[in-house]
Amino acid sequence: MKHFILASTSTLFGEEYLAYLQPAMTALYGGIDEIVFIPYARPGGISHDDYTTKAAGAFAAIGVKVRGLHTFEDPAAAIKSARGFFTGGGNTFLLVKQLHELGLMQPLQTAVNVGTPYMGCSAGSNIGGISMQNTNDMPIVYPPSFETLGLISFNLNPHYLDPIPGLQHMGETRETRIKEYHTQNDTPVVGLREGSWIYVKGDTVTLQGTLSARIFEAGKEPYEVATGSSLAALK
């Protein structure tokens, strides 16, 4: 039975790394003493080792050990035998490039689909969708494909921001960019605000956290869904 979390962000303003997600993490990884951390998104260019150390500190608070995927001689085999996964945020282009070039996207998809618990934040959530095409990140590298894990039937735009009334900014809003995406693509997009996450267990797909989400579907006006709402029908 699939069991995973796709969170908008790893850190809320004024809080420690992953602090707001700890109750959800405790439930997700219950009975698991070690997980595999996928550090390839490297926020700010942090090293794989340093990023893994950061994740390990947060998971220690719930009694779970962390080992970086980059430390395994055979990462595909490590994915197949892992008891749980966490993919941190950073640059989605870099993350997707690494997963494709190392031949890990398919093994990871299979592992999560058969029930290995997974949590992603930001870039790690982007890869849960059909494609990475609704990331906010700069294309600092060129992945072989935009296709991702397809764990859900829609795409995510983490860190979704609403327009700020009175702000004299002439650039595109997130809503403008997602509507532009829908001139060429039909995949629904969930604008996931910081503090909220998608929770999947079996066939249930729900919005959880503190804020509503903004839903974009091709040919329709965007609309809001409240926390606690089911997203299972969004296709």
# chains A, B, ... in the order shown; residues from 1 in each chain; ligands from 1

$ closest_atom_pairs --of "stretch 126-179 of chain A" --to "stretch 83-88 of chain A" --cutoff "12 Å" --atoms "only C-alpha atoms" --output "tab-separated table"
residue	atom	partner	partner_atom	distance
A:Asn126	CA	A:Thr87	CA	10.2
A:Ile127	CA	A:Thr87	CA	9.2
A:Gly128	CA	A:Thr87	CA	10.2

$ write_last_selection --atoms "N, CA and C atoms" --output "mmCIF file, in the first residue's frame"
data_model
loop_
_atom_site.group_PDB
_atom_site.id
_atom_site.type_symbol
_atom_site.label_atom_id
_atom_site.label_comp_id
_atom_site.auth_asym_id
_atom_site.auth_seq_id
_atom_site.Cartn_x
_atom_site.Cartn_y
_atom_site.Cartn_z
ATOM 1 N N ASN A 126 8.367 17.755 -6.001
ATOM 2 C CA ASN A 126 8.182 17.934 -7.446
ATOM 3 C C ASN A 126 8.293 16.613 -8.192
ATOM 4 N N ILE A 127 9.223 15.764 -7.778
ATOM 5 C CA ILE A 127 9.422 14.512 -8.506
ATOM 6 C C ILE A 127 8.325 13.496 -8.224
ATOM 7 N N GLY A 128 7.423 13.787 -7.302
ATOM 8 C CA GLY A 128 6.289 12.898 -7.075
ATOM 9 C C GLY A 128 5.225 13.016 -8.141
#

$ residues_around --residues "stretch 40-52 of chain A" --least-positions-apart "5" --cutoff "12 Å" --atoms "only C-alpha atoms" --output "PyMOL selection string"
chain A and resi 10+17+35+57-60+65-71+86-102+104+120-127+137-138+140-141

$ write_last_selection --atoms "N, CA and C atoms" --output "CSV table (one decimal), in the first residue's frame"
chain,number,residue,atom,x,y,z
A,10,SER,N,10.6,22.3,3.4
A,10,SER,CA,11.2,21.6,4.5
A,10,SER,C,11.2,22.4,5.8
A,17,TYR,N,14.6,22.9,10.8
A,17,TYR,CA,14.5,22.1,9.6
A,17,TYR,C,13.6,20.9,9.9
A,35,ILE,N,16.4,5.1,7.2
A,35,ILE,CA,15.9,5.4,5.9
A,35,ILE,C,17.1,5.8,5.0
A,57,GLY,N,20.2,15.0,11.4
A,57,GLY,CA,19.9,15.7,12.6
A,57,GLY,C,18.4,15.8,12.9
A,58,ALA,N,17.7,16.1,11.8
A,58,ALA,CA,16.2,16.2,12.0
A,58,ALA,C,15.6,14.9,12.3
A,59,PHE,N,16.0,13.8,11.6
A,59,PHE,CA,15.4,12.5,11.8
A,59,PHE,C,15.8,11.9,13.1
A,60,ALA,N,16.9,12.3,13.7
A,60,ALA,CA,17.3,11.8,15.0
A,60,ALA,C,16.3,12.1,16.1
A,65,LYS,N,17.5,6.7,11.9
A,65,LYS,CA,18.9,6.9,11.3
A,65,LYS,C,18.7,7.2,9.8
A,66,VAL,N,19.7,7.9,9.3
A,66,VAL,CA,19.7,8.3,7.9
A,66,VAL,C,21.0,7.9,7.3
A,67,ARG,N,20.9,7.3,6.1
A,67,ARG,CA,22.1,7.1,5.3
A,67,ARG,C,21.9,7.7,3.9
A,68,GLY,N,22.9,8.4,3.4
A,68,GLY,CA,22.8,9.1,2.1
A,68,GLY,C,23.0,8.1,1.0
A,69,LEU,N,22.1,8.2,0.0
A,69,LEU,CA,22.1,7.3,-1.2
A,69,LEU,C,23.5,7.3,-1.9
A,70,HIS,N,24.2,8.5,-1.8
A,70,HIS,CA,25.4,8.6,-2.5
A,70,HIS,C,26.6,7.7,-1.9
A,71,THR,N,26.3,7.2,-0.7
A,71,THR,CA,27.4,6.4,-0.1
A,71,THR,C,27.3,5.0,-0.4
A,86,PHE,N,13.7,9.6,2.1
A,86,PHE,CA,13.4,11.1,2.2
A,86,PHE,C,14.3,11.7,1.1
A,87,THR,N,13.6,12.6,0.3
A,87,THR,CA,14.3,13.4,-0.7
A,87,THR,C,14.1,14.8,-0.4
A,88,GLY,N,15.3,15.5,-0.1
A,88,GLY,CA,15.2,16.9,0.3
A,88,GLY,C,15.1,17.9,-0.9
A,89,GLY,N,14.8,19.1,-0.5
A,89,GLY,CA,14.7,20.2,-1.5
A,89,GLY,C,16.0,20.6,-2.1
A,90,GLY,N,15.9,21.6,-3.0
A,90,GLY,CA,17.1,22.1,-3.7
A,90,GLY,C,16.7,22.4,-5.1
A,91,ASN,N,17.5,22.0,-6.0
A,91,ASN,CA,17.3,22.3,-7.4
A,91,ASN,C,16.7,21.0,-8.1
A,92,THR,N,15.5,21.2,-8.6
A,92,THR,CA,14.8,20.0,-9.2
A,92,THR,C,15.5,19.5,-10.5
A,93,PHE,N,16.0,20.5,-11.3
A,93,PHE,CA,16.7,20.1,-12.5
A,93,PHE,C,17.9,19.1,-12.2
A,94,LEU,N,18.7,19.5,-11.2
A,94,LEU,CA,19.8,18.7,-10.8
A,94,LEU,C,19.4,17.4,-10.2
A,95,LEU,N,18.3,17.4,-9.4
A,95,LEU,CA,17.8,16.1,-8.8
A,95,LEU,C,17.4,15.2,-9.9
A,96,VAL,N,16.6,15.7,-10.8
A,96,VAL,CA,16.0,14.8,-11.9
A,96,VAL,C,17.1,14.3,-12.8
A,97,LYS,N,18.1,15.2,-13.1
A,97,LYS,CA,19.2,14.8,-13.9
A,97,LYS,C,20.0,13.6,-13.3
A,98,GLN,N,20.3,13.7,-12.0
A,98,GLN,CA,21.0,12.7,-11.3
A,98,GLN,C,20.2,11.4,-11.3
A,99,LEU,N,18.9,11.4,-11.0
A,99,LEU,CA,18.1,10.2,-10.9
A,99,LEU,C,18.0,9.5,-12.2
A,100,HIS,N,17.9,10.3,-13.3
A,100,HIS,CA,17.8,9.7,-14.6
A,100,HIS,C,19.1,9.1,-15.0
A,101,GLU,N,20.2,9.9,-14.9
A,101,GLU,CA,21.5,9.4,-15.4
A,101,GLU,C,22.0,8.2,-14.6
A,102,LEU,N,21.6,8.1,-13.3
A,102,LEU,CA,22.1,7.0,-12.5
A,102,LEU,C,21.1,5.8,-12.6
A,104,LEU,N,18.0,5.6,-11.6
A,104,LEU,CA,17.3,5.4,-10.3
A,104,LEU,C,15.8,5.8,-10.3
A,120,GLY,N,9.0,13.7,0.5
A,120,GLY,CA,9.7,14.6,-0.3
A,120,GLY,C,9.4,16.0,0.2
A,121,CYS,N,10.3,16.9,0.1
A,121,CYS,CA,10.1,18.4,0.3
A,121,CYS,C,10.5,19.2,-0.9
A,122,SER,N,9.7,20.1,-1.3
A,122,SER,CA,10.1,21.0,-2.4
A,122,SER,C,10.5,20.2,-3.6
A,123,ALA,N,11.8,20.2,-4.0
A,123,ALA,CA,12.2,19.4,-5.2
A,123,ALA,C,11.9,17.9,-5.0
A,124,GLY,N,12.0,17.4,-3.8
A,124,GLY,CA,11.7,16.1,-3.5
A,124,GLY,C,10.2,15.8,-3.7
A,125,SER,N,9.4,16.8,-3.6
A,125,SER,CA,7.9,16.7,-3.9
A,125,SER,C,7.6,16.8,-5.4
A,126,ASN,N,8.4,17.8,-6.0
A,126,ASN,CA,8.2,17.9,-7.4
A,126,ASN,C,8.3,16.6,-8.2
A,127,ILE,N,9.2,15.8,-7.8
A,127,ILE,CA,9.4,14.5,-8.5
A,127,ILE,C,8.3,13.5,-8.2
A,137,ASP,N,12.5,26.2,-10.0
A,137,ASP,CA,13.9,26.3,-10.0
A,137,ASP,C,14.5,26.7,-11.4
A,138,MET,N,15.7,27.3,-11.3
A,138,MET,CA,16.4,27.6,-12.5
A,138,MET,C,17.0,26.4,-13.2
A,140,ILE,N,19.7,24.9,-14.1
A,140,ILE,CA,21.2,25.0,-14.0
A,140,ILE,C,21.9,23.8,-14.7
A,141,VAL,N,21.2,22.7,-14.9
A,141,VAL,CA,21.6,21.6,-15.7
A,141,VAL,C,20.5,21.1,-16.6

$ residues_around --residues "A:Gly209" --least-positions-apart "2" --cutoff "9 Å" --atoms "only C-alpha atoms" --output "ChimeraX atom specification"
/A:194-198,207,211-212,227-228

$ closest_residue --among "A:Pro188, A:Pro75, A:Gly219, A:Gly129" --to "A:Phe146" --atoms "only C-alpha atoms"
A:Gly129

$ closest_residue --among "A:Met1, A:Leu18, A:Val189, A:Met132" --to "A:Ala111" --atoms "only C-alpha atoms"
A:Met1

$ select_by_dssp --residues "stretch 47-215 of chain A" --states "strand (DSSP E or B)" --output "JSON, numbers by chain"
{"A": [65, 66, 67, 68, 85, 86, 87, 118, 119, 120, 121, 131, 147, 155, 156, 157, 158, 189, 190, 191, 192, 196, 197, 198, 199, 200, 201, 204, 205, 206, 207, 208, 209, 213, 214, 215]}

$ select_by_dssp --residues "stretch 151-217 of chain A" --states "alpha helix (DSSP H)" --output "list in words"
Arg174, Glu175, Thr176, Arg177, Ile178, Lys179, Glu180 and Tyr181 of chain A

$ write_last_selection --atoms "N, CA, C and O atoms" --output "compact mmCIF listing (two decimals), in the first residue's frame"
# COMPACT_ATOMS: atom_id res chain seq x y z
N ARG A 174 2.94 33.27 -10.02
CA ARG A 174 2.90 31.82 -10.16
C ARG A 174 1.67 31.40 -10.97
O ARG A 174 1.73 30.49 -11.79
N GLU A 175 0.54 32.07 -10.69
CA GLU A 175 -0.68 31.72 -11.42
C GLU A 175 -0.51 31.94 -12.92
O GLU A 175 -0.92 31.10 -13.73
N THR A 176 0.13 33.04 -13.30
CA THR A 176 0.37 33.32 -14.71
C THR A 176 1.21 32.22 -15.35
O THR A 176 0.91 31.75 -16.46
N ARG A 177 2.24 31.79 -14.66
CA ARG A 177 3.14 30.78 -15.22
C ARG A 177 2.44 29.42 -15.36
O ARG A 177 2.67 28.69 -16.33
N ILE A 178 1.61 29.09 -14.38
CA ILE A 178 0.91 27.80 -14.46
C ILE A 178 -0.13 27.84 -15.57
O ILE A 178 -0.31 26.85 -16.31
N LYS A 179 -0.82 28.96 -15.74
CA LYS A 179 -1.77 29.09 -16.85
C LYS A 179 -1.04 28.99 -18.19
O LYS A 179 -1.57 28.41 -19.15
N GLU A 180 0.16 29.53 -18.27
CA GLU A 180 0.97 29.41 -19.48
C GLU A 180 1.31 27.94 -19.75
O GLU A 180 1.25 27.48 -20.89
N TYR A 181 1.65 27.22 -18.69
CA TYR A 181 1.90 25.78 -18.82
C TYR A 181 0.70 25.08 -19.43
O TYR A 181 0.85 24.19 -20.29

$ closest_residue --among "A:Met25, A:Thr110, A:Tyr118, A:Ile5" --to "A:Ile38" --atoms "only C-alpha atoms"
A:Tyr118
